[in-house]
>>> print(open('data-v5.cif').read())   # mmCIF, C-alpha atoms and all ligand atoms
data_final
#
loop_
_atom_site.group_PDB
_atom_site.id
_atom_site.type_symbol
_atom_site.label_atom_id
_atom_site.label_comp_id
_atom_site.auth_asym_id
_atom_site.auth_seq_id
_atom_site.Cartn_x
_atom_site.Cartn_y
_atom_site.Cartn_z
ATOM 1 C CA MET A 288 -15.602 21.511 -5.289
ATOM 2 C CA SER A 289 -14.816 23.084 -1.989
ATOM 3 C CA SER A 290 -13.459 26.542 -2.345
ATOM 4 C CA ALA A 291 -12.125 26.427 1.184
ATOM 5 C CA SER A 292 -9.067 24.475 0.074
ATOM 6 C CA SER A 293 -7.809 27.422 -1.908
ATOM 7 C CA THR A 294 -8.806 30.085 0.605
ATOM 8 C CA ALA A 295 -5.820 31.701 2.211
ATOM 9 C CA SER A 296 -5.943 31.841 5.964
ATOM 10 C CA HIS A 297 -4.033 33.724 8.590
ATOM 11 C CA PHE A 298 -4.312 30.778 10.895
ATOM 12 C CA MET A 299 -4.672 27.033 10.398
ATOM 13 C CA PRO A 300 -5.228 25.770 6.854
ATOM 14 C CA PHE A 301 -8.616 24.291 5.917
ATOM 15 C CA ALA A 302 -9.285 21.015 7.730
ATOM 16 C CA ALA A 303 -10.298 18.402 5.158
ATOM 17 C CA THR A 304 -10.396 15.421 7.535
ATOM 18 C CA LYS A 305 -11.987 14.766 10.939
ATOM 19 C CA ILE A 306 -8.552 14.097 12.395
ATOM 20 C CA ALA A 307 -7.377 17.475 11.124
ATOM 21 C CA ALA A 308 -10.198 19.069 13.111
ATOM 22 C CA GLY A 309 -9.093 17.006 16.146
ATOM 23 C CA VAL A 310 -5.498 18.162 15.733
ATOM 24 C CA ASP A 311 -6.716 21.752 15.547
ATOM 25 C CA SER A 312 -8.804 21.420 18.736
ATOM 26 C CA LEU A 313 -5.763 20.204 20.637
ATOM 27 C CA TYR A 314 -3.673 22.956 19.133
ATOM 28 C CA TYR A 315 -6.191 25.634 20.156
ATOM 29 C CA PHE A 316 -6.377 24.184 23.662
ATOM 30 C CA LEU A 317 -2.573 24.388 23.946
ATOM 31 C CA LEU A 318 -2.620 27.906 22.560
ATOM 32 C CA VAL A 319 -5.291 29.144 24.984
ATOM 33 C CA ALA A 320 -3.756 27.312 27.964
ATOM 34 C CA SER A 321 -0.328 28.771 27.126
ATOM 35 C CA PHE A 322 -1.825 32.242 26.749
ATOM 36 C CA ILE A 323 -3.609 32.066 30.121
ATOM 37 C CA SER A 324 -0.441 30.724 31.807
ATOM 38 C CA CYS A 325 1.596 33.489 30.208
ATOM 39 C CA VAL A 326 -0.818 36.182 31.427
ATOM 40 C CA LEU A 327 -0.896 34.699 34.958
ATOM 41 C CA VAL A 328 2.873 34.293 35.241
ATOM 42 C CA ILE A 329 3.967 37.557 33.600
ATOM 43 C CA GLY A 330 1.017 39.486 35.088
ATOM 44 C CA GLY A 331 1.772 38.083 38.572
ATOM 45 C CA LEU A 332 5.456 38.912 38.144
ATOM 46 C CA ILE A 333 4.705 42.523 37.268
ATOM 47 C CA TRP A 334 2.052 42.888 39.975
ATOM 48 C CA PHE A 335 4.377 41.545 42.694
ATOM 49 C CA ALA A 336 7.274 43.654 41.480
ATOM 50 C CA VAL A 337 5.156 46.798 41.687
ATOM 51 C CA GLN A 338 3.135 45.947 44.820
ATOM 52 C CA TYR A 339 6.064 44.756 46.931
ATOM 53 C CA ARG A 340 8.809 47.040 45.657
ATOM 54 C CA ARG A 341 10.964 48.731 48.275
ATOM 55 C CA LYS A 342 9.127 51.964 49.058
ATOM 56 C CA TYR A 343 11.514 53.581 51.531
ATOM 57 C CA GLU A 344 15.027 53.146 52.865
ATOM 58 C CA GLY A 345 15.326 50.310 55.391
ATOM 59 C CA GLN A 346 11.963 48.672 54.573
ATOM 60 C CA LYS A 347 11.869 45.010 55.562
ATOM 61 C CA THR A 348 10.037 42.294 53.567
ATOM 62 C CA ALA A 349 7.774 39.897 55.429
ATOM 63 C CA TYR A 350 9.443 36.510 56.001
ATOM 64 C CA ILE A 351 7.302 33.708 54.508
ATOM 65 C CA SER A 352 8.834 30.214 54.572
ATOM 66 C CA HIS A 353 6.130 28.324 52.678
ATOM 67 C CA ASN A 354 2.433 27.848 52.020
ATOM 68 C CA THR A 355 1.419 24.210 51.625
ATOM 69 C CA ALA A 356 -2.011 24.856 50.094
ATOM 70 C CA LEU A 357 -0.641 27.279 47.492
ATOM 71 C CA GLU A 358 2.307 25.047 46.626
ATOM 72 C CA PHE A 359 -0.001 22.071 46.170
ATOM 73 C CA LEU A 360 -2.319 24.065 43.918
ATOM 74 C CA TRP A 361 0.388 25.458 41.651
ATOM 75 C CA SER A 362 1.822 21.973 41.215
ATOM 76 C CA PHE A 363 -1.427 20.063 40.923
ATOM 77 C CA ILE A 364 -3.213 22.334 38.415
ATOM 78 C CA PRO A 365 -0.317 22.279 35.882
ATOM 79 C CA PHE A 366 -0.049 18.514 36.439
ATOM 80 C CA VAL A 367 -3.718 18.057 35.532
ATOM 81 C CA ILE A 368 -3.310 20.280 32.449
ATOM 82 C CA PHE A 369 -0.230 18.333 31.329
ATOM 83 C CA MET A 370 -2.030 15.010 31.787
ATOM 84 C CA VAL A 371 -4.983 16.290 29.738
ATOM 85 C CA VAL A 372 -2.581 17.339 26.969
ATOM 86 C CA PHE A 373 -0.751 14.005 27.158
ATOM 87 C CA VAL A 374 -3.876 11.838 26.962
ATOM 88 C CA TRP A 375 -5.515 14.054 24.335
ATOM 89 C CA GLY A 376 -2.327 14.086 22.244
ATOM 90 C CA TRP A 377 -1.980 10.337 22.574
ATOM 91 C CA ILE A 378 -5.558 9.775 21.366
ATOM 92 C CA VAL A 379 -5.043 12.008 18.303
ATOM 93 C CA TYR A 380 -1.664 10.425 17.536
ATOM 94 C CA TYR A 381 -3.139 6.950 17.902
ATOM 95 C CA GLN A 382 -5.868 7.824 15.396
ATOM 96 C CA LEU A 383 -3.258 9.176 12.986
ATOM 97 C CA ARG A 384 -1.120 6.055 13.217
ATOM 98 C CA SER A 385 -3.794 3.312 13.285
ATOM 99 C CA MET A 386 -3.956 2.089 9.719
ATOM 100 C CA PRO A 387 -7.425 1.293 8.336
ATOM 101 C CA GLU A 388 -8.019 -2.354 7.472
ATOM 102 C CA ASN A 389 -10.096 -1.973 4.339
ATOM 103 C CA GLY A 390 -8.773 1.250 2.933
ATOM 104 C CA LEU A 391 -7.993 2.073 -0.641
ATOM 105 C CA GLU A 392 -4.282 1.356 -0.963
ATOM 106 C CA VAL A 393 -2.100 3.446 -3.222
ATOM 107 C CA ALA A 394 1.626 2.965 -3.714
ATOM 108 C CA VAL A 395 3.669 6.147 -3.572
ATOM 109 C CA THR A 396 7.158 6.547 -4.962
ATOM 110 C CA ALA A 397 9.062 9.683 -4.152
ATOM 111 C CA GLN A 398 11.924 10.658 -6.381
ATOM 112 C CA LYS A 399 13.936 13.824 -6.769
ATOM 113 C CA TRP A 400 11.726 15.840 -7.383
ATOM 114 C CA ASN A 401 8.316 14.418 -7.983
ATOM 115 C CA TRP A 402 5.694 12.005 -6.685
ATOM 116 C CA THR A 403 4.416 8.928 -8.516
ATOM 117 C CA PHE A 404 1.146 7.297 -7.427
ATOM 118 C CA THR A 405 0.286 3.749 -8.522
ATOM 119 C CA TYR A 406 -3.164 2.246 -8.016
ATOM 120 C CA LYS A 407 -3.944 -1.450 -7.646
ATOM 121 C CA ASN A 408 -5.189 -1.655 -11.234
ATOM 122 C CA GLY A 409 -1.867 -0.360 -12.543
ATOM 123 C CA ARG A 410 -2.995 3.186 -13.223
ATOM 124 C CA LYS A 411 -0.171 5.601 -12.554
ATOM 125 C CA SER A 412 -0.199 9.311 -11.954
ATOM 126 C CA GLN A 413 2.634 11.794 -11.637
ATOM 127 C CA GLY A 414 2.282 14.629 -9.163
ATOM 128 C CA THR A 415 -1.457 14.288 -8.530
ATOM 129 C CA LEU A 416 -3.141 11.812 -6.226
ATOM 130 C CA THR A 417 -6.874 11.431 -6.832
ATOM 131 C CA VAL A 418 -8.975 9.833 -4.086
ATOM 132 C CA PRO A 419 -12.682 9.419 -3.355
ATOM 133 C CA ILE A 420 -14.384 11.418 -0.624
ATOM 134 C CA GLY A 421 -15.300 9.636 2.614
ATOM 135 C CA GLN A 422 -13.068 6.615 2.148
ATOM 136 C CA ASP A 423 -10.051 5.513 4.136
ATOM 137 C CA VAL A 424 -6.968 5.813 1.960
ATOM 138 C CA LYS A 425 -3.719 4.123 2.905
ATOM 139 C CA LEU A 426 -0.517 5.177 1.210
ATOM 140 C CA ILE A 427 2.366 2.735 1.094
ATOM 141 C CA MET A 428 5.377 4.839 0.382
ATOM 142 C CA THR A 429 8.988 4.464 -0.570
ATOM 143 C CA SER A 430 11.691 6.562 -2.166
ATOM 144 C CA SER A 431 13.928 5.679 -5.068
ATOM 145 C CA ASP A 432 16.715 7.984 -3.946
ATOM 146 C CA VAL A 433 16.876 10.048 -0.745
ATOM 147 C CA LEU A 434 14.663 10.911 2.223
ATOM 148 C CA HIS A 435 11.473 12.776 1.363
ATOM 149 C CA SER A 436 8.399 13.494 3.437
ATOM 150 C CA PHE A 437 4.755 13.365 2.374
ATOM 151 C CA TYR A 438 2.888 16.309 3.856
ATOM 152 C CA VAL A 439 -0.653 17.517 3.189
ATOM 153 C CA PRO A 440 -1.416 20.463 5.495
ATOM 154 C CA ALA A 441 -5.193 20.136 4.972
ATOM 155 C CA PHE A 442 -4.969 16.610 6.434
ATOM 156 C CA ARG A 443 -2.535 17.622 9.227
ATOM 157 C CA ASN A 444 -0.658 14.477 8.298
ATOM 158 C CA LYS A 445 3.009 14.000 7.544
ATOM 159 C CA GLN A 446 5.206 10.956 7.079
ATOM 160 C CA ASP A 447 8.830 10.445 6.095
ATOM 161 C CA VAL A 448 9.378 8.564 2.843
ATOM 162 C CA VAL A 449 12.524 6.496 3.155
ATOM 163 C CA PRO A 450 14.616 4.709 0.510
ATOM 164 C CA GLY A 451 14.924 0.963 1.030
ATOM 165 C CA ARG A 452 11.809 0.555 3.181
ATOM 166 C CA TYR A 453 8.085 1.229 3.252
ATOM 167 C CA THR A 454 6.342 3.729 5.446
ATOM 168 C CA ALA A 455 2.594 4.243 5.571
ATOM 169 C CA LEU A 456 0.140 7.042 6.124
ATOM 170 C CA TRP A 457 -3.643 7.134 6.020
ATOM 171 C CA PHE A 458 -6.367 9.730 5.787
ATOM 172 C CA ARG A 459 -10.074 9.979 5.124
ATOM 173 C CA ALA A 460 -10.979 13.176 3.321
ATOM 174 C CA GLU A 461 -14.414 14.558 4.187
ATOM 175 C CA HIS A 462 -14.436 17.527 1.826
ATOM 176 C CA GLU A 463 -14.034 17.579 -1.917
ATOM 177 C CA GLY A 464 -11.296 19.825 -3.182
ATOM 178 C CA SER A 465 -7.755 20.078 -4.415
ATOM 179 C CA TYR A 466 -5.187 20.137 -1.640
ATOM 180 C CA ASN A 467 -1.499 20.974 -1.696
ATOM 181 C CA LEU A 468 1.046 18.233 -1.236
ATOM 182 C CA PHE A 469 4.489 19.258 -0.064
ATOM 183 C CA CYS A 470 7.758 17.463 0.433
ATOM 184 C CA ALA A 471 8.637 18.250 4.040
ATOM 185 C CA GLU A 472 12.122 16.800 4.191
ATOM 186 C CA TYR A 473 15.037 18.663 2.659
ATOM 187 C CA CYS A 474 16.038 16.455 -0.273
ATOM 188 C CA GLY A 475 18.225 18.593 -2.531
ATOM 189 C CA ASP A 476 18.225 21.964 -4.233
ATOM 190 C CA GLN A 477 14.814 21.555 -5.873
ATOM 191 C CA HIS A 478 13.197 20.361 -2.629
ATOM 192 C CA SER A 479 10.886 23.356 -2.519
ATOM 193 C CA GLY A 480 9.736 22.553 -6.056
ATOM 194 C CA MET A 481 8.691 19.022 -5.096
ATOM 195 C CA LEU A 482 5.017 19.876 -5.083
ATOM 196 C CA GLY A 483 1.902 17.906 -5.822
ATOM 197 C CA LYS A 484 -1.861 17.861 -5.409
ATOM 198 C CA VAL A 485 -4.328 15.611 -3.686
ATOM 199 C CA ASN A 486 -7.678 15.794 -5.462
ATOM 200 C CA VAL A 487 -10.632 14.613 -3.415
ATOM 201 C CA VAL A 488 -13.548 13.796 -5.713
ATOM 202 C CA SER A 489 -16.922 12.053 -5.527
ATOM 203 C CA ARG A 490 -17.122 8.272 -5.629
ATOM 204 C CA GLU A 491 -18.497 8.360 -9.185
ATOM 205 C CA LYS A 492 -15.776 10.680 -10.412
ATOM 206 C CA PHE A 493 -13.143 8.536 -8.762
ATOM 207 C CA ASP A 494 -14.423 5.318 -10.349
ATOM 208 C CA GLU A 495 -14.448 7.083 -13.661
ATOM 209 C CA TYR A 496 -10.911 8.347 -13.047
ATOM 210 C CA LEU A 497 -9.651 4.916 -12.107
ATOM 211 C CA GLY A 498 -11.356 3.208 -15.007
ATOM 212 C CA THR A 499 -10.373 5.523 -17.790
ATOM 213 C CA GLU A 500 -7.130 5.667 -19.631
ATOM 214 C CA PRO A 501 -5.176 8.524 -18.059
ATOM 215 C CA TYR A 502 -4.594 10.202 -21.403
ATOM 216 C CA LYS A 503 -7.797 9.276 -23.187
ATOM 217 C CA GLY A 504 -8.652 11.758 -25.908
ATOM 218 C CA LEU A 505 -5.512 13.826 -25.358
ATOM 219 C CA THR A 506 -3.086 14.789 -28.077
ATOM 220 C CA PRO A 507 0.591 13.901 -27.587
ATOM 221 C CA VAL A 508 1.351 17.553 -26.765
ATOM 222 C CA GLU A 509 -1.343 17.558 -24.063
ATOM 223 C CA ILE A 510 0.001 14.293 -22.676
ATOM 224 C CA GLY A 511 3.477 15.828 -22.634
ATOM 225 C CA GLN A 512 2.185 18.907 -20.842
ATOM 226 C CA LYS A 513 0.711 16.708 -18.094
ATOM 227 C CA VAL A 514 3.939 14.740 -17.778
ATOM 228 C CA TYR A 515 5.905 17.982 -17.631
ATOM 229 C CA GLY A 516 3.693 19.312 -14.832
ATOM 230 C CA GLY A 517 4.233 16.184 -12.762
ATOM 231 C CA ALA A 518 7.787 15.122 -13.488
ATOM 232 C CA CYS A 519 9.892 17.887 -15.049
ATOM 233 C CA ILE A 520 8.601 21.205 -13.744
ATOM 234 C CA ALA A 521 10.780 21.267 -10.628
ATOM 235 C CA CYS A 522 14.027 21.375 -12.628
ATOM 236 C CA HIS A 523 13.205 22.547 -16.153
ATOM 237 C CA GLY A 524 11.684 25.902 -16.937
ATOM 238 C CA LEU A 525 9.810 27.045 -20.025
ATOM 239 C CA THR A 526 11.146 30.561 -20.430
ATOM 240 C CA VAL A 527 14.475 31.979 -21.467
ATOM 241 C CA ASN A 528 15.058 33.277 -17.951
ATOM 242 C CA ASP A 529 14.660 29.877 -16.395
ATOM 243 C CA VAL A 530 18.370 29.208 -16.274
ATOM 244 C CA LYS A 531 20.778 28.295 -13.529
ATOM 245 C CA PRO A 532 20.782 28.858 -10.637
ATOM 246 C CA LEU A 533 16.982 29.159 -10.686
ATOM 247 C CA LYS A 534 16.511 25.752 -12.225
ATOM 248 C CA LEU A 535 18.750 22.712 -12.045
ATOM 249 C CA GLY A 536 18.321 21.618 -15.629
ATOM 250 C CA PRO A 537 18.392 23.359 -18.999
ATOM 251 C CA THR A 538 15.262 25.279 -19.936
ATOM 252 C CA PHE A 539 12.911 23.757 -22.489
ATOM 253 C CA TYR A 540 12.571 27.148 -24.135
ATOM 254 C CA MET A 541 13.687 26.904 -27.792
ATOM 255 C CA LEU A 542 15.357 23.620 -26.888
ATOM 256 C CA PHE A 543 14.258 21.514 -29.826
ATOM 257 C CA GLY A 544 16.425 21.919 -32.897
ATOM 258 C CA ARG A 545 19.176 23.704 -30.987
ATOM 259 C CA LYS A 546 22.831 22.713 -31.113
ATOM 260 C CA GLU A 547 23.763 21.947 -27.526
ATOM 261 C CA SER A 548 27.317 22.055 -26.158
ATOM 262 C CA LEU A 549 28.118 19.100 -23.957
ATOM 263 C CA ALA A 550 30.313 18.812 -20.894
ATOM 264 C CA ASP A 551 32.906 16.790 -22.849
ATOM 265 C CA GLY A 552 33.344 19.590 -25.404
ATOM 266 C CA SER A 553 31.361 17.997 -28.211
ATOM 267 C CA THR A 554 28.044 19.231 -29.526
ATOM 268 C CA VAL A 555 24.790 17.486 -30.204
ATOM 269 C CA ASP A 556 21.713 18.327 -32.249
ATOM 270 C CA VAL A 557 18.657 18.349 -30.033
ATOM 271 C CA ASP A 558 16.323 16.044 -31.905
ATOM 272 C CA GLU A 559 13.776 13.453 -30.828
ATOM 273 C CA ASP A 560 16.377 10.783 -30.257
ATOM 274 C CA TYR A 561 18.595 12.991 -28.119
ATOM 275 C CA LEU A 562 15.628 14.058 -25.974
ATOM 276 C CA ARG A 563 14.556 10.449 -25.531
ATOM 277 C CA GLU A 564 18.052 9.449 -24.479
ATOM 278 C CA SER A 565 18.186 12.349 -22.021
ATOM 279 C CA ILE A 566 14.940 11.191 -20.420
ATOM 280 C CA VAL A 567 15.822 7.511 -19.992
ATOM 281 C CA ASN A 568 19.591 7.857 -19.636
ATOM 282 C CA PRO A 569 20.231 11.438 -18.494
ATOM 283 C CA ASN A 570 23.926 11.000 -17.832
ATOM 284 C CA ALA A 571 24.809 9.863 -21.358
ATOM 285 C CA LYS A 572 25.157 13.418 -22.747
ATOM 286 C CA VAL A 573 25.265 16.077 -20.075
ATOM 287 C CA VAL A 574 24.926 19.674 -21.236
ATOM 288 C CA LYS A 575 27.867 21.951 -20.516
ATOM 289 C CA GLY A 576 27.457 23.828 -17.249
ATOM 290 C CA TYR A 577 25.224 21.204 -15.654
ATOM 291 C CA ASP A 578 26.190 18.435 -13.292
ATOM 292 C CA ALA A 579 26.043 14.755 -14.174
ATOM 293 C CA GLY A 580 24.031 12.600 -11.807
ATOM 294 C CA VAL A 581 21.561 15.316 -10.863
ATOM 295 C CA MET A 582 18.742 14.083 -13.064
ATOM 296 C CA PRO A 583 17.381 10.628 -12.249
ATOM 297 C CA THR A 584 16.448 8.240 -15.020
ATOM 298 C CA TYR A 585 12.814 8.066 -16.059
ATOM 299 C CA ALA A 586 13.200 4.647 -17.659
ATOM 300 C CA GLY A 587 10.333 2.568 -16.273
ATOM 301 C CA GLN A 588 8.695 5.659 -14.754
ATOM 302 C CA LEU A 589 7.329 7.010 -18.016
ATOM 303 C CA ASP A 590 5.867 4.831 -20.721
ATOM 304 C CA GLU A 591 6.439 5.330 -24.440
ATOM 305 C CA ASP A 592 3.322 7.490 -24.908
ATOM 306 C CA GLU A 593 4.477 9.773 -22.136
ATOM 307 C CA ILE A 594 8.014 10.072 -23.474
ATOM 308 C CA MET A 595 6.755 10.773 -26.977
ATOM 309 C CA GLY A 596 4.224 13.266 -25.604
ATOM 310 C CA LEU A 597 6.912 15.023 -23.598
ATOM 311 C CA ILE A 598 9.099 15.371 -26.677
ATOM 312 C CA GLU A 599 6.160 16.755 -28.669
ATOM 313 C CA PHE A 600 5.460 19.186 -25.828
ATOM 314 C CA ILE A 601 9.092 20.331 -25.739
ATOM 315 C CA LYS A 602 8.870 21.065 -29.460
ATOM 316 C CA THR A 603 6.057 23.548 -28.761
ATOM 317 C CA VAL A 604 7.993 25.551 -26.163
ATOM 318 C CA LYS A 605 9.232 28.523 -28.120
HETATM 319 CU CU1 LIG A 701 11.630 15.637 -1.589
HETATM 320 CU CU2 LIG A 701 12.173 17.516 -0.177
#
>>> encode(input="data-v5.cif", output="structure tokens", more="lines below")
Ligand code: CUA
Amino acid sequence: MSSASSTASHFMPFAATKIAAGVDSLYYFLLVASFISCVLVIGGLIWFAVQYRRKYEGQKTAYISHNTALEFLWSFIPFVIFMVVFVWGWIVYYQLRSMPENGLEVAVTAQKWNWTFTYKNGRKSQGTLTVPIGQDVKLIMTSSDVLHSFYVPAFRNKQDVVPGRYTALWFRAEHEGSYNLFCAEYCGDQHSGMLGKVNVVSREKFDEYLGTEPYKGLTPVEIGQKVYGGACIACHGLTVNDVKPLKLGPTFYMLFGRKESLADGSTVDVDEDYLRESIVNPNAKVVKGYDAGVMPTYAGQLDEDEIMGLIEFIKTVK
């Protein structure tokens, strides 16, 4: 695994794709060109102000109407620089937006506040996208609620994810590692918690990943822990302090077996059936102090093993 992906940097994040390196080159060119321009303009300004300041009472400045050669140069040189930036930027943008023809296609569903990835063979993953190294990957993305944006800094690639339509993004990772995935479009109060990972692994590891059952050999509690990390973590904490306004939903700490007060004044015993109902039909019994409609349904998003695992996991949080 590449350690570079986790190395903090004062400048650009690790470049895990060739295009990312291309984006960086353009960025550095702009930075250096801007710095040189700044030095020339501000330096010239100061030099002229000092050199040609009025030195004595009644001093006259030389009258200069124009200088064709100079004027041509200071227009033509910036023009050339701008054209270089334009063409260079267009080439990089074109590469970013030209979808590969034979890429690995993965469907992406964004939902407040997690990411679901679905492979062609039906394998699903919450929060973590696993892809092979050195292969074009095309993501076909949509949202089940509001605008989100898929952003992986290590790929220098970002694309809005829009409800009611598909958008696409592609990348070809050249370095193994685990890269951060952010939502880059403000989508609600847990927007900053809408995090994920893109794991770039070897071809063999990827085939193994795709072929195996996602939860093979895991206990229900371990399955639940994985589901929690992908789907619930943005809104539900695991400690007693994880209460509003830090988290949008009730904490899972000591949740199971508790008597919960509901918004309508009644109470409910938190048992398996109540937890299941709250996962697939979250608005049926809303806990007092929390808003209805905030939590989306996970019916169809989580299968029975995942729901059961999640409930078993919640039981262990104490
Ligand atoms: Cu999803 Cu911000």
>>> resolve_selection(input="data-v5.cif", expression="the PyMOL selection byres (((chain A and resi 469-475) around 8) and not hetatm)", output="list in words")
Lys399, Val433, Leu434, His435, Ser436, Phe437, Tyr438, Val439, Lys445, Asp447, Asn467, Leu468, Asp476, Gln477, His478, Ser479, Met481, Leu482 and Gly483 of chain A
>>> resolve_selection(input="data-v5.cif", expression="the PyMOL selection byres (((chain A and resi 564) around 12) and not hetatm)", output="list in words")
Val555, Val557, Asp558, Glu559, Asp560, Tyr561, Leu562, Arg563, Ser565, Ile566, Val567, Asn568, Pro569, Asn570, Ala571, Lys572, Val573, Thr584, Tyr585, Ala586, Ile594, Met595 and Ile598 of chain A
>>> atom_distance(input="data-v5.cif", atom1="atom CA of A:Gln512", atom2="atom CA of A:Leu391")
28.2 Å
>>> residues_around(input="data-v5.cif", residues="stretch 406-412 of chain A", least_positions_apart="3", cutoff="12 Å", atoms="only C-alpha atoms", output="number ranges by chain")
A: 390-396, 401-403, 415-418, 424-427, 483-486, 493-494, 496-502, 510, 513-514, 516-518, 587-590, 593
>>> resolve_selection(input="data-v5.cif", expression="the PyMOL selection byres (((chain A and resi 382) around 12) and not hetatm)", output="number ranges by chain")
A: 304-307, 309-310, 375-381, 383-387, 444, 456-459
>>> residues_around(input="data-v5.cif", residues="A:Gly596", least_positions_apart="5", cutoff="7 Å", atoms="all atoms listed in the file", output="ChimeraX atom specification")
/A:507-508,510-511
>>> write_last_selection(input="data-v5.cif", atoms="C-alpha atoms", output="PDB file, in the frame of the given file")
ATOM      1  CA  PRO A 507       0.591  13.901 -27.587  1.00  0.00           C
ATOM      2  CA  VAL A 508       1.351  17.553 -26.765  1.00  0.00           C
ATOM      3  CA  ILE A 510       0.001  14.293 -22.676  1.00  0.00           C
ATOM      4  CA  GLY A 511       3.477  15.828 -22.634  1.00  0.00           C
TER       5      GLY A 511
END
>>> closest_residue(input="data-v5.cif", among="A:Ala441, A:Ala521, A:Leu318, A:Ala336", to="ligand LIG 701 (chain A)", atoms="all atoms listed in the file")
A:Ala521
>>> atom_distance(input="data-v5.cif", atom1="atom CA of A:Phe543", atom2="atom CA of A:Gly414")
24.9 Å
